[in-house]
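Engineer: Take this structure, written in structure tokens, and hold onto it; I'll ask about it next.
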Amino acid sequence: MATKVMKIGIISKENYIKRTLAIAKGTYKPRKDEPKVWFESTKSMSQVLSNENQELLRVIIANNPHSITELEEITKRKKSNLSRTLKTLEKYGIVELKKMKGKIIPKVKATDFRVEFGLHYSCPAS
């Protein structure tokens with residue numbers, strides 16, 4: 001599988017709102033190389049990209065399951081737990097849940113992550 005890098009940014013909720021409003025007003029245009037996915041803190045990022053979730057991504061890549069049921073059998077995790085985790089990973093664009101013939105097939109979209117943050121993030125004028 002080819003490496004797919006996802007840029008992740010960490011920004012306070014307050015600055016994220018200011019940034020979003022500035023984009024909506026047209027007073028700020030995000031750079032092409034800016035992260036597309038944002039977390040409020042390193043803690044929230046580490047919850048989504050926990051060791052357990054990283055292992056789940058590796059299992060999906062290695063086994064290419066054809067359904068969540070098949071993934072449940074491979075991982076020995078309950079379907080409800082897997083579904084919740086996969087929906088969270090999908091929300092951040094890390095996995096894609098393809099619906100085919102009544103089955104949900106998990107596909108990994110990001111294999112590597114680059115994190116960008118700073119203590120003095122300058123929020124665009126809002």
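Going through the structure tokens in order, the chains are called A, B, and so on, while each chain numbers its residues from 1 and the ligands are numbered from 1 in the order shown.
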List the spatial neighbours of region 44-49 of chain A as a ChimeraX atom specification - criterion: any atom at most 12 Å away, only C-alpha atoms, same-chain residues fewer than 6 positions off excluded.
Structural biologist: /A:8-13,37-38,55-57,84-95,110-117
Engineer: In chain A, what's strand (DSSP E) per DSSP? Answer as a ChimeraX atom specification?
Structural biologist: /A:5-10,37-39,95-100,103-108,112-116
Engineer: Write a file of the just-selected residues containing N, CA and C atoms, as a PDB file, in the first residue's frame.
Structural biologist:
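Contents of out-v5.pdb, as written:
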ATOM      1  N   VAL A   5      -0.004  10.521   3.356  1.00  0.00           N
ATOM      2  CA  VAL A   5       0.281  11.412   4.471  1.00  0.00           C
ATOM      3  C   VAL A   5      -0.885  12.361   4.711  1.00  0.00           C
ATOM      4  N   MET A   6      -1.275  12.483   5.983  1.00  0.00           N
ATOM      5  CA  MET A   6      -2.314  13.430   6.379  1.00  0.00           C
ATOM      6  C   MET A   6      -1.672  14.467   7.287  1.00  0.00           C
ATOM      7  N   LYS A   7      -1.850  15.737   6.932  1.00  0.00           N
ATOM      8  CA  LYS A   7      -1.360  16.817   7.785  1.00  0.00           C
ATOM      9  C   LYS A   7      -2.436  17.142   8.810  1.00  0.00           C
ATOM     10  N   ILE A   8      -2.023  17.185  10.056  1.00  0.00           N
ATOM     11  CA  ILE A   8      -2.923  17.451  11.171  1.00  0.00           C
ATOM     12  C   ILE A   8      -2.472  18.730  11.858  1.00  0.00           C
ATOM     13  N   GLY A   9      -3.424  19.567  12.206  1.00  0.00           N
ATOM     14  CA  GLY A   9      -3.117  20.779  12.943  1.00  0.00           C
ATOM     15  C   GLY A   9      -3.747  20.738  14.322  1.00  0.00           C
ATOM     16  N   ILE A  10      -3.110  21.421  15.258  1.00  0.00           N
ATOM     17  CA  ILE A  10      -3.663  21.534  16.606  1.00  0.00           C
ATOM     18  C   ILE A  10      -3.833  23.019  16.884  1.00  0.00           C
ATOM     19  N   VAL A  37      -7.192  18.714   8.626  1.00  0.00           N
ATOM     20  CA  VAL A  37      -7.802  18.140   9.818  1.00  0.00           C
ATOM     21  C   VAL A  37      -7.224  18.845  11.039  1.00  0.00           C
ATOM     22  N   TRP A  38      -8.123  19.265  11.952  1.00  0.00           N
ATOM     23  CA  TRP A  38      -7.700  20.017  13.120  1.00  0.00           C
ATOM     24  C   TRP A  38      -8.202  19.363  14.399  1.00  0.00           C
ATOM     25  N   PHE A  39      -7.344  19.374  15.419  1.00  0.00           N
ATOM     26  CA  PHE A  39      -7.712  18.914  16.747  1.00  0.00           C
ATOM     27  C   PHE A  39      -7.545  20.085  17.702  1.00  0.00           C
ATOM     28  N   VAL A  95     -10.151   7.032   7.805  1.00  0.00           N
ATOM     29  CA  VAL A  95     -10.689   5.858   7.106  1.00  0.00           C
ATOM     30  C   VAL A  95     -11.902   6.275   6.298  1.00  0.00           C
ATOM     31  N   GLU A  96     -12.249   5.426   5.369  1.00  0.00           N
ATOM     32  CA  GLU A  96     -13.468   5.593   4.578  1.00  0.00           C
ATOM     33  C   GLU A  96     -14.297   4.342   4.813  1.00  0.00           C
ATOM     34  N   LEU A  97     -15.586   4.531   5.044  1.00  0.00           N
ATOM     35  CA  LEU A  97     -16.475   3.394   5.224  1.00  0.00           C
ATOM     36  C   LEU A  97     -17.351   3.294   3.978  1.00  0.00           C
ATOM     37  N   LYS A  98     -16.986   2.362   3.097  1.00  0.00           N
ATOM     38  CA  LYS A  98     -17.706   2.179   1.835  1.00  0.00           C
ATOM     39  C   LYS A  98     -18.878   1.234   2.051  1.00  0.00           C
ATOM     40  N   LYS A  99     -20.042   1.645   1.563  1.00  0.00           N
ATOM     41  CA  LYS A  99     -21.213   0.786   1.658  1.00  0.00           C
ATOM     42  C   LYS A  99     -21.400   0.048   0.336  1.00  0.00           C
ATOM     43  N   MET A 100     -21.355  -1.295   0.403  1.00  0.00           N
ATOM     44  CA  MET A 100     -21.525  -2.113  -0.797  1.00  0.00           C
ATOM     45  C   MET A 100     -22.351  -3.349  -0.466  1.00  0.00           C
ATOM     46  N   LYS A 103     -23.139  -4.173   3.076  1.00  0.00           N
ATOM     47  CA  LYS A 103     -22.003  -4.298   3.983  1.00  0.00           C
ATOM     48  C   LYS A 103     -21.239  -2.979   4.036  1.00  0.00           C
ATOM     49  N   ILE A 104     -20.585  -2.767   5.160  1.00  0.00           N
ATOM     50  CA  ILE A 104     -19.734  -1.584   5.307  1.00  0.00           C
ATOM     51  C   ILE A 104     -18.291  -2.070   5.291  1.00  0.00           C
ATOM     52  N   ILE A 105     -17.535  -1.558   4.331  1.00  0.00           N
ATOM     53  CA  ILE A 105     -16.150  -1.994   4.131  1.00  0.00           C
ATOM     54  C   ILE A 105     -15.214  -0.864   4.559  1.00  0.00           C
ATOM     55  N   PRO A 106     -14.380  -1.108   5.587  1.00  0.00           N
ATOM     56  CA  PRO A 106     -13.440  -0.065   6.020  1.00  0.00           C
ATOM     57  C   PRO A 106     -12.191  -0.029   5.138  1.00  0.00           C
ATOM     58  N   LYS A 107     -11.823   1.173   4.723  1.00  0.00           N
ATOM     59  CA  LYS A 107     -10.606   1.391   3.922  1.00  0.00           C
ATOM     60  C   LYS A 107      -9.792   2.495   4.591  1.00  0.00           C
ATOM     61  N   VAL A 108      -8.507   2.263   4.747  1.00  0.00           N
ATOM     62  CA  VAL A 108      -7.621   3.254   5.359  1.00  0.00           C
ATOM     63  C   VAL A 108      -7.230   4.293   4.309  1.00  0.00           C
ATOM     64  N   ASP A 112       0.248   7.814   7.286  1.00  0.00           N
ATOM     65  CA  ASP A 112       1.274   8.579   7.981  1.00  0.00           C
ATOM     66  C   ASP A 112       0.700   9.943   8.343  1.00  0.00           C
ATOM     67  N   PHE A 113       1.176  10.500   9.454  1.00  0.00           N
ATOM     68  CA  PHE A 113       0.611  11.748   9.958  1.00  0.00           C
ATOM     69  C   PHE A 113       1.714  12.740  10.261  1.00  0.00           C
ATOM     70  N   ARG A 114       1.514  13.986   9.831  1.00  0.00           N
ATOM     71  CA  ARG A 114       2.427  15.081  10.121  1.00  0.00           C
ATOM     72  C   ARG A 114       1.624  16.080  10.953  1.00  0.00           C
ATOM     73  N   VAL A 115       2.134  16.385  12.132  1.00  0.00           N
ATOM     74  CA  VAL A 115       1.422  17.260  13.055  1.00  0.00           C
ATOM     75  C   VAL A 115       2.057  18.641  13.049  1.00  0.00           C
ATOM     76  N   GLU A 116       1.204  19.669  12.987  1.00  0.00           N
ATOM     77  CA  GLU A 116       1.658  21.057  12.939  1.00  0.00           C
ATOM     78  C   GLU A 116       0.962  21.846  14.036  1.00  0.00           C
TER      79      GLU A 116
END
Engineer: For Leu82 (chain A), list every protein, DNA or RNA residue within 9 Å, evaluated using only C-alpha atoms, and leave out those in the same chain fewer than 6 positions away; present the list as a list in words.
Structural biologist: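 Residues near the query, excluding close chain neighbours: Ile68, Leu71 and Glu72 of chain A.
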Engineer: Go through A:Ile17, A:Glu40, A:Asn81, A:Lys109 one by one, measure the shortest atom-to-atom distance of each to Ile60 (chain A) using only C-alpha atoms, and give the residue with the smallest value.
Structural biologist: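 With only C-alpha atoms as the atom set, the closest residue is A:Lys109.
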Engineer: Based on the backbone DSSP call, show me all residues of chain A assigned helix (DSSP H, G or I), as a PyMOL selection string.
Structural biologist: chain A and resi 13-25+42-48+51-63+68-75+79-91
Engineer: Give me, please, the distance in Å between CA of Gln54 (chain A) and CA of His66 (chain A), quoted to one decimal.
Structural biologist: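 Computed distance, CA of Gln54 (chain A) to CA of His66 (chain A), equals 19.1 Å.
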Engineer: Measuring between only C-alpha atoms, which one of A:Lys79, A:Ile74, A:Ile61, A:Ser41 shows the shortest distance to Thr3 (chain A)?
Structural biologist: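 The shortest atom-to-atom distance to Thr3 (chain A) comes from A:Ile61.
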